[in-house]
>>> print(open('input18.pdb').read())   # PDB, C-alpha atoms
ATOM      1  CA  MET A   1     -35.126  42.052 -25.454
ATOM      2  CA  PRO A   2     -37.164  40.948 -28.515
ATOM      3  CA  ALA A   3     -38.003  37.275 -28.609
ATOM      4  CA  SER A   4     -35.990  36.795 -31.807
ATOM      5  CA  ALA A   5     -32.815  38.417 -30.462
ATOM      6  CA  ALA A   6     -29.791  36.274 -29.645
ATOM      7  CA  PRO A   7     -28.931  35.997 -25.934
ATOM      8  CA  ASP A   8     -26.366  38.462 -24.696
ATOM      9  CA  PRO A   9     -23.274  36.492 -23.508
ATOM     10  CA  GLN A  10     -22.509  39.276 -21.032
ATOM     11  CA  SER A  11     -25.922  39.080 -19.424
ATOM     12  CA  PRO A  12     -25.567  37.978 -15.786
ATOM     13  CA  ARG A  13     -28.165  35.256 -16.396
ATOM     14  CA  HIS A  14     -26.679  33.851 -19.600
ATOM     15  CA  PRO A  15     -25.032  30.409 -19.123
ATOM     16  CA  VAL A  16     -21.342  30.225 -20.023
ATOM     17  CA  LEU A  17     -20.137  26.970 -18.411
ATOM     18  CA  ILE A  18     -21.197  23.521 -17.234
ATOM     19  CA  GLY A  19     -19.315  22.122 -14.248
ATOM     20  CA  LEU A  20     -19.420  18.441 -13.305
ATOM     21  CA  ASP A  21     -18.606  16.867  -9.958
ATOM     22  CA  TRP A  22     -18.437  13.241 -11.123
ATOM     23  CA  GLY A  23     -17.487  10.788  -8.423
ATOM     24  CA  THR A  24     -17.700   7.086  -7.762
ATOM     25  CA  THR A  25     -21.346   7.022  -6.716
ATOM     26  CA  SER A  26     -22.925  10.269  -7.902
ATOM     27  CA  LEU A  27     -22.911  12.921 -10.628
ATOM     28  CA  ARG A  28     -23.689  16.581  -9.954
ATOM     29  CA  ALA A  29     -23.912  19.185 -12.694
ATOM     30  CA  TYR A  30     -23.785  22.972 -12.273
ATOM     31  CA  LEU A  31     -24.769  25.655 -14.782
ATOM     32  CA  PHE A  32     -22.866  28.932 -14.341
ATOM     33  CA  ASP A  33     -23.195  32.447 -15.690
ATOM     34  CA  ALA A  34     -20.242  34.763 -16.385
ATOM     35  CA  TYR A  35     -20.226  35.999 -12.780
ATOM     36  CA  GLY A  36     -19.825  32.499 -11.379
ATOM     37  CA  THR A  37     -23.419  32.435 -10.177
ATOM     38  CA  GLU A  38     -24.928  28.957 -10.116
ATOM     39  CA  LEU A  39     -28.032  29.199 -12.279
ATOM     40  CA  GLN A  40     -29.191  25.591 -11.957
ATOM     41  CA  ARG A  41     -28.069  22.281 -10.515
ATOM     42  CA  LEU A  42     -28.843  18.723 -11.569
ATOM     43  CA  GLN A  43     -27.990  15.442  -9.858
ATOM     44  CA  ALA A  44     -28.091  11.740 -10.707
ATOM     45  CA  SER A  45     -26.920   8.482  -9.173
ATOM     46  CA  GLN A  46     -24.755   7.923 -12.250
ATOM     47  CA  GLY A  47     -21.387   7.702 -10.530
ATOM     48  CA  ILE A  48     -18.601   6.261 -12.657
ATOM     49  CA  LEU A  49     -19.246   2.740 -11.366
ATOM     50  CA  ALA A  50     -22.901   2.941 -12.386
ATOM     51  CA  VAL A  51     -22.256   3.984 -15.993
ATOM     52  CA  PRO A  52     -22.860   0.909 -18.197
ATOM     53  CA  GLU A  53     -20.088  -0.143 -20.581
ATOM     54  CA  GLY A  54     -18.247   3.156 -20.247
ATOM     55  CA  ARG A  55     -21.059   5.173 -21.837
ATOM     56  CA  PHE A  56     -20.014   8.377 -20.115
ATOM     57  CA  ARG A  57     -20.970  10.706 -22.944
ATOM     58  CA  GLU A  58     -24.506   9.346 -22.983
ATOM     59  CA  SER A  59     -24.824   9.719 -19.209
ATOM     60  CA  PHE A  60     -23.574  13.312 -19.315
ATOM     61  CA  GLU A  61     -25.803  14.306 -22.227
ATOM     62  CA  ALA A  62     -28.868  12.657 -20.675
ATOM     63  CA  LEU A  63     -28.473  14.573 -17.414
ATOM     64  CA  CYS A  64     -27.623  17.925 -19.023
ATOM     65  CA  ALA A  65     -30.006  17.593 -21.989
ATOM     66  CA  PRO A  66     -32.076  20.740 -21.135
ATOM     67  CA  TRP A  67     -28.948  22.899 -20.979
ATOM     68  CA  LEU A  68     -27.367  21.445 -24.121
ATOM     69  CA  ALA A  69     -30.613  21.876 -26.057
ATOM     70  CA  SER A  70     -30.527  25.611 -25.315
ATOM     71  CA  ASP A  71     -26.794  26.018 -25.921
ATOM     72  CA  PRO A  72     -24.974  23.014 -27.463
ATOM     73  CA  GLY A  73     -21.654  24.867 -27.433
ATOM     74  CA  LEU A  74     -21.310  25.303 -23.667
ATOM     75  CA  PRO A  75     -17.819  24.321 -22.479
ATOM     76  CA  VAL A  76     -17.587  21.692 -19.736
ATOM     77  CA  ILE A  77     -15.156  21.198 -16.857
ATOM     78  CA  ALA A  78     -15.277  18.050 -14.716
ATOM     79  CA  SER A  79     -13.500  16.934 -11.561
ATOM     80  CA  GLY A  80     -13.491  13.789  -9.467
ATOM     81  CA  MET A  81     -13.150  10.115 -10.299
ATOM     82  CA  ILE A  82     -14.313  10.713 -13.866
ATOM     83  CA  GLY A  83     -10.637  11.500 -14.523
ATOM     84  CA  SER A  84      -9.386   8.318 -12.849
ATOM     85  CA  ARG A  85      -8.252   5.083 -14.470
ATOM     86  CA  GLN A  86     -11.785   3.729 -13.965
ATOM     87  CA  GLY A  87     -13.371   6.880 -15.406
ATOM     88  CA  TRP A  88     -13.904   8.306 -18.876
ATOM     89  CA  ARG A  89     -10.203   8.958 -19.442
ATOM     90  CA  GLU A  90      -7.314   9.066 -16.985
ATOM     91  CA  ALA A  91      -6.098  12.603 -16.318
ATOM     92  CA  PRO A  92      -2.453  12.717 -15.156
ATOM     93  CA  TYR A  93      -2.009  14.195 -11.683
ATOM     94  CA  ALA A  94      -0.520  17.611 -11.061
ATOM     95  CA  HIS A  95       2.379  17.382  -8.625
ATOM     96  CA  ALA A  96       2.435  19.363  -5.398
ATOM     97  CA  PRO A  97       3.115  22.145  -4.804
ATOM     98  CA  ALA A  98       0.200  23.013  -7.066
ATOM     99  CA  GLY A  99      -1.922  26.153  -7.233
ATOM    100  CA  PHE A 100      -4.610  27.486  -9.548
ATOM    101  CA  GLU A 101      -2.141  28.013 -12.375
ATOM    102  CA  GLU A 102      -0.627  24.530 -12.177
ATOM    103  CA  ILE A 103      -4.050  22.877 -12.072
ATOM    104  CA  ALA A 104      -5.467  25.018 -14.886
ATOM    105  CA  GLY A 105      -2.368  24.354 -16.987
ATOM    106  CA  ARG A 106      -2.738  20.574 -16.692
ATOM    107  CA  LEU A 107      -6.399  20.146 -17.593
ATOM    108  CA  SER A 108      -6.859  17.111 -19.833
ATOM    109  CA  ARG A 109      -8.771  17.553 -23.095
ATOM    110  CA  LEU A 110     -11.685  15.251 -23.736
ATOM    111  CA  ASP A 111     -13.096  17.151 -26.715
ATOM    112  CA  ASP A 112     -12.734  14.244 -29.134
ATOM    113  CA  ALA A 113     -14.780  11.827 -27.012
ATOM    114  CA  ALA A 114     -17.256  14.399 -25.685
ATOM    115  CA  GLY A 115     -17.971  16.199 -28.953
ATOM    116  CA  ARG A 116     -17.454  19.627 -27.362
ATOM    117  CA  VAL A 117     -14.936  21.608 -25.327
ATOM    118  CA  PHE A 118     -14.552  19.310 -22.321
ATOM    119  CA  ARG A 119     -11.763  19.484 -19.716
ATOM    120  CA  LEU A 120     -10.827  17.149 -16.849
ATOM    121  CA  VAL A 121      -9.283  18.505 -13.636
ATOM    122  CA  PRO A 122      -6.095  16.515 -12.996
ATOM    123  CA  GLY A 123      -6.144  15.853  -9.261
ATOM    124  CA  VAL A 124      -3.014  16.280  -7.140
ATOM    125  CA  GLN A 125      -0.160  13.948  -6.222
ATOM    126  CA  ALA A 126       2.164  14.629  -3.296
ATOM    127  CA  SER A 127       5.108  12.753  -1.829
ATOM    128  CA  THR A 128       4.839  11.392   1.698
ATOM    129  CA  GLN A 129       7.540  11.495   4.354
ATOM    130  CA  MET A 130       8.308   7.852   3.476
ATOM    131  CA  GLY A 131       8.798   8.680  -0.190
ATOM    132  CA  ALA A 132       5.533   7.081  -1.320
ATOM    133  CA  ALA A 133       2.793   8.928  -3.196
ATOM    134  CA  ASP A 134      -0.469  10.277  -1.802
ATOM    135  CA  VAL A 135      -3.186  11.442  -4.183
ATOM    136  CA  MET A 136      -6.607  13.022  -4.429
ATOM    137  CA  ARG A 137      -9.176  13.525  -7.182
ATOM    138  CA  GLY A 138     -12.012  15.971  -6.616
ATOM    139  CA  GLU A 139     -10.916  17.182  -3.196
ATOM    140  CA  GLU A 140      -8.418  19.589  -4.784
ATOM    141  CA  THR A 141     -11.354  21.306  -6.516
ATOM    142  CA  GLN A 142     -13.106  21.705  -3.159
ATOM    143  CA  VAL A 143      -9.956  23.186  -1.639
ATOM    144  CA  PHE A 144      -9.545  25.679  -4.469
ATOM    145  CA  GLY A 145     -13.218  26.557  -4.151
ATOM    146  CA  ALA A 146     -12.748  27.278  -0.465
ATOM    147  CA  LEU A 147      -9.704  29.409  -1.285
ATOM    148  CA  ALA A 148     -11.603  31.337  -3.974
ATOM    149  CA  ALA A 149     -14.478  32.008  -1.580
ATOM    150  CA  ARG A 150     -12.079  33.055   1.166
ATOM    151  CA  SER A 151     -10.296  35.466  -1.197
ATOM    152  CA  LEU A 152     -13.560  37.308  -1.775
ATOM    153  CA  LEU A 153     -14.265  37.693   1.936
ATOM    154  CA  LEU A 154     -10.872  38.567   3.405
ATOM    155  CA  PRO A 155      -8.230  41.191   2.612
ATOM    156  CA  ALA A 156      -5.309  40.157   0.426
ATOM    157  CA  ASP A 157      -2.809  39.066   3.067
ATOM    158  CA  ALA A 158      -1.194  35.834   4.206
ATOM    159  CA  ALA A 159      -4.113  35.014   6.507
ATOM    160  CA  HIS A 160      -6.194  33.723   3.624
ATOM    161  CA  ARG A 161      -3.389  32.362   1.454
ATOM    162  CA  ASP A 162      -2.450  29.628   3.924
ATOM    163  CA  GLY A 163      -4.655  26.989   5.441
ATOM    164  CA  LEU A 164      -5.250  23.441   6.589
ATOM    165  CA  PHE A 165      -8.291  21.839   4.994
ATOM    166  CA  VAL A 166      -9.905  18.658   6.297
ATOM    167  CA  LEU A 167     -12.171  16.774   3.907
ATOM    168  CA  PRO A 168     -13.935  13.930   5.749
ATOM    169  CA  GLY A 169     -15.229  11.064   3.698
ATOM    170  CA  THR A 170     -14.646   7.483   2.660
ATOM    171  CA  HIS A 171     -11.003   8.472   2.255
ATOM    172  CA  SER A 172     -10.489  11.438   4.564
ATOM    173  CA  LYS A 173      -7.996  14.062   3.351
ATOM    174  CA  TRP A 174      -5.908  16.589   5.269
ATOM    175  CA  VAL A 175      -4.528  19.195   2.864
ATOM    176  CA  GLU A 176      -1.923  21.849   3.659
ATOM    177  CA  VAL A 177      -2.009  25.035   1.596
ATOM    178  CA  ARG A 178       0.723  27.672   1.469
ATOM    179  CA  ASP A 179       0.331  30.861  -0.562
ATOM    180  CA  HIS A 180      -2.681  29.463  -2.435
ATOM    181  CA  ARG A 181      -0.803  26.280  -3.391
ATOM    182  CA  ILE A 182      -1.397  22.736  -2.180
ATOM    183  CA  VAL A 183       1.945  21.699  -0.745
ATOM    184  CA  ALA A 184       1.130  18.471   1.125
ATOM    185  CA  LEU A 185      -1.701  16.047   1.783
ATOM    186  CA  ARG A 186      -2.396  13.018   3.945
ATOM    187  CA  THR A 187      -5.138  10.453   3.339
ATOM    188  CA  TYR A 188      -6.879   8.223   5.903
ATOM    189  CA  LEU A 189      -9.178   5.292   5.112
ATOM    190  CA  THR A 190     -11.337   6.244   8.087
ATOM    191  CA  GLY A 191     -14.727   6.131   6.409
ATOM    192  CA  GLU A 192     -14.007   2.979   4.455
ATOM    193  CA  THR A 193     -12.610   1.232   7.545
ATOM    194  CA  TYR A 194     -15.741   2.130   9.495
ATOM    195  CA  ALA A 195     -17.974   0.754   6.742
ATOM    196  CA  VAL A 196     -16.008  -2.488   6.450
ATOM    197  CA  LEU A 197     -15.937  -3.077  10.208
ATOM    198  CA  ARG A 198     -19.662  -2.362  10.533
ATOM    199  CA  SER A 199     -20.716  -4.596   7.675
ATOM    200  CA  HIS A 200     -18.070  -7.295   7.341
ATOM    201  CA  SER A 201     -16.520  -7.898  10.766
ATOM    202  CA  ILE A 202     -17.526  -9.403  14.077
ATOM    203  CA  LEU A 203     -17.741  -5.882  15.529
ATOM    204  CA  GLY A 204     -20.859  -5.170  13.519
ATOM    205  CA  ARG A 205     -22.752  -8.119  15.035
ATOM    206  CA  LEU A 206     -23.513  -6.165  18.211
ATOM    207  CA  CYS A 207     -24.142  -2.777  16.566
ATOM    208  CA  ALA A 208     -27.480  -1.089  15.927
ATOM    209  CA  ASP A 209     -28.186   2.459  14.779
ATOM    210  CA  PRO A 210     -30.105   4.648  17.247
ATOM    211  CA  ALA A 211     -33.565   5.681  16.118
ATOM    212  CA  ALA A 212     -33.503   9.122  14.523
ATOM    213  CA  ASP A 213     -36.519  10.244  16.599
ATOM    214  CA  ASP A 214     -35.193   8.895  19.922
ATOM    215  CA  ALA A 215     -33.563  11.926  21.539
ATOM    216  CA  GLU A 216     -32.260   9.961  24.529
ATOM    217  CA  ALA A 217     -30.663   7.309  22.326
ATOM    218  CA  GLN A 218     -29.039  10.001  20.215
ATOM    219  CA  LEU A 219     -27.671  11.660  23.363
ATOM    220  CA  HIS A 220     -26.179   8.382  24.593
ATOM    221  CA  ALA A 221     -24.657   7.754  21.164
ATOM    222  CA  ARG A 222     -22.968  11.167  21.219
ATOM    223  CA  ALA A 223     -21.553  10.405  24.667
ATOM    224  CA  ALA A 224     -20.111   7.122  23.363
ATOM    225  CA  PHE A 225     -18.661   8.961  20.354
ATOM    226  CA  ASP A 226     -16.921  11.443  22.664
ATOM    227  CA  ILE A 227     -15.369   8.622  24.709
ATOM    228  CA  GLY A 228     -14.178   6.941  21.538
ATOM    229  CA  VAL A 229     -12.622  10.167  20.245
ATOM    230  CA  GLN A 230     -10.707  10.693  23.474
ATOM    231  CA  GLN A 231      -9.471   7.109  23.627
ATOM    232  CA  GLY A 232      -8.473   6.970  19.964
ATOM    233  CA  HIS A 233      -6.701  10.307  20.222
ATOM    234  CA  ALA A 234      -4.865   9.325  23.397
ATOM    235  CA  GLN A 235      -3.604   6.001  22.010
ATOM    236  CA  PRO A 236      -3.516   6.108  18.203
ATOM    237  CA  GLY A 237      -0.791   3.480  18.108
ATOM    238  CA  ALA A 238      -3.078   1.084  19.975
ATOM    239  CA  LEU A 239      -5.974   1.487  17.532
ATOM    240  CA  LEU A 240      -6.111  -2.199  16.563
ATOM    241  CA  HIS A 241      -6.405  -3.097  20.237
ATOM    242  CA  LEU A 242      -8.966  -0.375  20.904
ATOM    243  CA  LEU A 243     -11.130  -1.561  18.037
ATOM    244  CA  PHE A 244     -11.575  -4.923  19.729
ATOM    245  CA  MET A 245     -12.953  -3.040  22.726
ATOM    246  CA  VAL A 246     -15.996  -2.229  20.591
ATOM    247  CA  ARG A 247     -16.877  -5.899  20.923
ATOM    248  CA  THR A 248     -16.091  -6.295  24.621
ATOM    249  CA  GLU A 249     -17.861  -3.067  25.571
ATOM    250  CA  GLY A 250     -20.928  -4.531  23.891
ATOM    251  CA  LEU A 251     -20.536  -8.027  25.335
ATOM    252  CA  PHE A 252     -20.383  -6.717  28.893
ATOM    253  CA  GLU A 253     -23.052  -4.078  28.231
ATOM    254  CA  ARG A 254     -20.943  -1.066  29.113
ATOM    255  CA  PHE A 255     -22.380   0.382  25.912
ATOM    256  CA  GLY A 256     -25.737  -0.423  24.398
ATOM    257  CA  ALA A 257     -26.042  -1.665  20.826
ATOM    258  CA  SER A 258     -27.115   1.785  19.615
ATOM    259  CA  GLN A 259     -23.995   3.366  21.188
ATOM    260  CA  LEU A 260     -21.444   1.041  19.610
ATOM    261  CA  PRO A 261     -21.459   2.508  16.060
ATOM    262  CA  ALA A 262     -20.776   5.964  17.491
ATOM    263  CA  TYR A 263     -18.048   4.569  19.752
ATOM    264  CA  LEU A 264     -16.411   2.860  16.768
ATOM    265  CA  SER A 265     -16.595   6.064  14.737
ATOM    266  CA  GLY A 266     -15.089   8.044  17.603
ATOM    267  CA  LEU A 267     -12.131   5.682  17.954
ATOM    268  CA  LEU A 268     -11.300   5.945  14.258
ATOM    269  CA  ILE A 269     -11.716   9.717  14.035
ATOM    270  CA  GLY A 270      -9.796  10.307  17.273
ATOM    271  CA  ALA A 271      -6.850   8.238  16.030
ATOM    272  CA  GLU A 272      -6.950  10.026  12.666
ATOM    273  CA  ILE A 273      -6.842  13.446  14.294
ATOM    274  CA  ALA A 274      -3.944  12.438  16.558
ATOM    275  CA  ASP A 275      -1.815  11.323  13.635
ATOM    276  CA  ALA A 276      -2.814  14.219  11.378
ATOM    277  CA  TRP A 277      -2.064  16.779  14.062
ATOM    278  CA  ALA A 278       1.369  15.260  14.661
ATOM    279  CA  TRP A 279       1.938  15.450  10.894
ATOM    280  CA  CYS A 280       0.880  19.050  10.320
ATOM    281  CA  GLY A 281       1.586  20.679  13.687
ATOM    282  CA  ASP A 282      -0.595  23.308  15.333
ATOM    283  CA  GLU A 283       0.257  26.392  13.274
ATOM    284  CA  LEU A 284      -2.870  26.371  11.100
ATOM    285  CA  GLN A 285      -6.509  26.192  12.180
ATOM    286  CA  PRO A 286      -8.335  23.480  10.251
ATOM    287  CA  ALA A 287     -11.254  24.281   7.974
ATOM    288  CA  LEU A 288     -13.685  21.419   7.411
ATOM    289  CA  VAL A 289     -15.029  20.823   3.926
ATOM    290  CA  GLY A 290     -17.751  18.308   3.104
ATOM    291  CA  SER A 291     -21.247  17.172   3.959
ATOM    292  CA  THR A 292     -22.789  18.951   6.921
ATOM    293  CA  GLU A 293     -23.379  15.798   8.973
ATOM    294  CA  LEU A 294     -19.889  14.369   8.627
ATOM    295  CA  ALA A 295     -18.161  17.737   8.900
ATOM    296  CA  SER A 296     -20.147  18.395  12.070
ATOM    297  CA  ARG A 297     -18.960  15.092  13.544
ATOM    298  CA  TYR A 298     -15.341  16.042  12.879
ATOM    299  CA  ALA A 299     -15.969  19.531  14.248
ATOM    300  CA  ARG A 300     -17.333  17.988  17.460
ATOM    301  CA  ALA A 301     -14.278  15.757  17.777
ATOM    302  CA  LEU A 302     -11.832  18.615  17.144
ATOM    303  CA  HIS A 303     -13.614  20.870  19.629
ATOM    304  CA  LEU A 304     -13.601  18.110  22.245
ATOM    305  CA  LEU A 305      -9.828  17.828  21.802
ATOM    306  CA  GLY A 306      -9.322  21.585  22.093
ATOM    307  CA  LEU A 307      -8.736  22.068  18.365
ATOM    308  CA  PRO A 308     -11.522  24.366  17.144
ATOM    309  CA  ALA A 309     -12.215  24.323  13.424
ATOM    310  CA  SER A 310     -14.230  26.370  10.984
ATOM    311  CA  ILE A 311     -16.633  24.791   8.469
ATOM    312  CA  ALA A 312     -16.306  25.851   4.839
ATOM    313  CA  SER A 313     -19.276  26.291   2.529
ATOM    314  CA  GLU A 314     -20.836  23.182   1.034
ATOM    315  CA  GLU A 315     -20.647  24.975  -2.325
ATOM    316  CA  CYS A 316     -16.860  24.645  -2.483
ATOM    317  CA  THR A 317     -16.963  22.209  -5.389
ATOM    318  CA  ALA A 318     -18.978  24.566  -7.568
ATOM    319  CA  GLU A 319     -16.758  27.513  -6.595
ATOM    320  CA  GLY A 320     -13.658  25.475  -7.395
ATOM    321  CA  LEU A 321     -14.850  24.278 -10.782
ATOM    322  CA  PHE A 322     -15.646  27.813 -11.862
ATOM    323  CA  ALA A 323     -12.411  29.308 -10.499
ATOM    324  CA  ILE A 324     -10.283  26.686 -12.282
ATOM    325  CA  ALA A 325     -12.242  27.182 -15.515
ATOM    326  CA  VAL A 326     -11.531  30.902 -15.344
ATOM    327  CA  ARG A 327      -7.806  30.354 -14.886
ATOM    328  CA  ALA A 328      -7.850  27.950 -17.844
ATOM    329  CA  GLY A 329      -9.546  30.487 -20.114
ATOM    330  CA  LEU A 330     -12.757  28.503 -20.525
ATOM    331  CA  VAL A 331     -14.838  31.430 -19.261
ATOM    332  CA  PRO A 332     -14.097  34.628 -21.195
ATOM    333  CA  ASN A 333     -16.551  36.914 -19.389
ATOM    334  CA  TYR A 334     -15.463  36.337 -15.821
ATOM    335  CA  LEU A 335     -16.123  39.447 -13.762
ATOM    336  CA  LYS A 336     -15.431  38.244 -10.217
ATOM    337  CA  MET A 337     -12.003  38.370  -8.550
ATOM    338  CA  VAL A 338     -10.294  35.167  -7.340
TER     339      VAL A 338
END
>>> encode(input="input18.pdb", output="structure tokens")
Amino acid sequence: MPASAAPDPQSPRHPVLIGLDWGTTSLRAYLFDAYGTELQRLQASQGILAVPEGRFRESFEALCAPWLASDPGLPVIASGMIGSRQGWREAPYAHAPAGFEEIAGRLSRLDDAAGRVFRLVPGVQASTQMGAADVMRGEETQVFGALAARSLLLPADAAHRDGLFVLPGTHSKWVEVRDHRIVALRTYLTGETYAVLRSHSILGRLCADPAADDAEAQLHARAAFDIGVQQGHAQPGALLHLLFMVRTEGLFERFGASQLPAYLSGLLIGAEIADAWAWCGDELQPALVGSTELASRYARALHLLGLPASIASEECTAEGLFAIAVRAGLVPNYLKMV
């Protein structure tokens, strides 16, 4: 193509969309072509809590400056806490059951503040068995990304339209999907509870992390984790009592200091799995979505308890952002089936 020619929007390498995964502590940006291929990725520690005085537009434009300089008119879709009350603008939740169409139909417009076509993914709200509300922001995009990826790999039957997705994290989510629609979810403060107990309770006084290069210490930590998982799973209703055992097991040196963090983690994850499994039943095999390290820890716990799980791609967020953008009509040259 001559140097003076305009770029062909149907070229597989021509950017058509910017996707943002904008959470509490980090910001990731993806540049997509019309096939959904990720052309480039950028990342910054500009989570919503780190953006000074609500200057979200400036933070976005600073990170994506190279892309915007080449094509200022690129549409943007963003998911995560950027659409929360503490974010750029609050995006009302979509109510479960919610599928691609419901999510795409409830994208919030931010064009006026962003100076371009800019959409916020709404997140999902579901009712609990007690009549209260459970919610998620960002995880729904990961789930839809996993569903989009699964649709490309498996034949079009019920086997890939239903699923149970587990998203470990600060607030761990268990999400039930039926016929490509999120129908229920359950949140656990497992990660946050672990962090608080380690850093701000008497339990943390005896804890020490095993050295990364000490294979024997790592092995002993895994053994302590396994014991914690089994105990937490066996007695989830006694979790508050079991947590105190982290202290006594350290005081009487049944576990070394470098085993106690793993034991604490195991207790919390084991109790979470016990409750979640009672909630969702055993009809669906869980698929783990999230960082490799944390997903692997949950996979180990599930396997130990006789509940094998698959691990979804770490690219689920990018897949989800693009799939939702397609359903919303933000990407006119989409050539891949979802």
>>> residues_around(input="input18.pdb", residues="segment 232-241 of chain A", least_positions_apart="6", cutoff="9 Å", atoms="all atoms listed in the file", output="mmCIF file with C-alpha atoms, in the frame of the given file")
data_model
loop_
_atom_site.group_PDB
_atom_site.id
_atom_site.type_symbol
_atom_site.label_atom_id
_atom_site.label_comp_id
_atom_site.auth_asym_id
_atom_site.auth_seq_id
_atom_site.Cartn_x
_atom_site.Cartn_y
_atom_site.Cartn_z
ATOM 1 C CA GLY A 266 -15.089 8.044 17.603
ATOM 2 C CA LEU A 267 -12.131 5.682 17.954
ATOM 3 C CA LEU A 268 -11.300 5.945 14.258
ATOM 4 C CA ILE A 269 -11.716 9.717 14.035
ATOM 5 C CA GLY A 270 -9.796 10.307 17.273
ATOM 6 C CA ALA A 271 -6.850 8.238 16.030
ATOM 7 C CA GLU A 272 -6.950 10.026 12.666
ATOM 8 C CA ILE A 273 -6.842 13.446 14.294
ATOM 9 C CA ALA A 274 -3.944 12.438 16.558
ATOM 10 C CA ASP A 275 -1.815 11.323 13.635
ATOM 11 C CA LEU A 305 -9.828 17.828 21.802
#
>>> atom_distance(input="input18.pdb", atom1="atom CA of Leu49 of chain A", atom2="atom CA of Gly80 of chain A")
12.6 Å
>>> closest_residue(input="input18.pdb", among="A:Arg109, A:His200, A:Arg85, A:His303", to="Leu330 of chain A", atoms="only C-alpha atoms")
A:Arg109
>>> closest_residue(input="input18.pdb", among="A:Ala114, A:Ala208, A:Ile182, A:Leu189", to="Gly169 of chain A", atoms="all atoms listed in the file")
A:Leu189
>>> atom_distance(input="input18.pdb", atom1="atom CA of Ala133 of chain A", atom2="atom CA of Val175 of chain A")
14.0 Å
>>> closest_residue(input="input18.pdb", among="A:Leu164, A:Leu42, A:Leu206, A:Ala65", to="Ala309 of chain A", atoms="all atoms listed in the file")
A:Leu164
>>> residues_around(input="input18.pdb", residues="Trp88 of chain A", least_positions_apart="6", cutoff="12 Å", atoms="only C-alpha atoms", output="ChimeraX atom specification")
/A:22-24,47-49,51-60,78-82,108-114,118-120
>>> closest_residue(input="input18.pdb", among="A:Gly131, A:Gly256, A:Gly145, A:Pro15", to="Ala318 of chain A", atoms="all atoms listed in the file")
A:Gly145
>>> closest_residue(input="input18.pdb", among="A:Gly204, A:Gly105, A:Pro122, A:Pro72", to="Arg89 of chain A", atoms="only C-alpha atoms")
A:Pro122
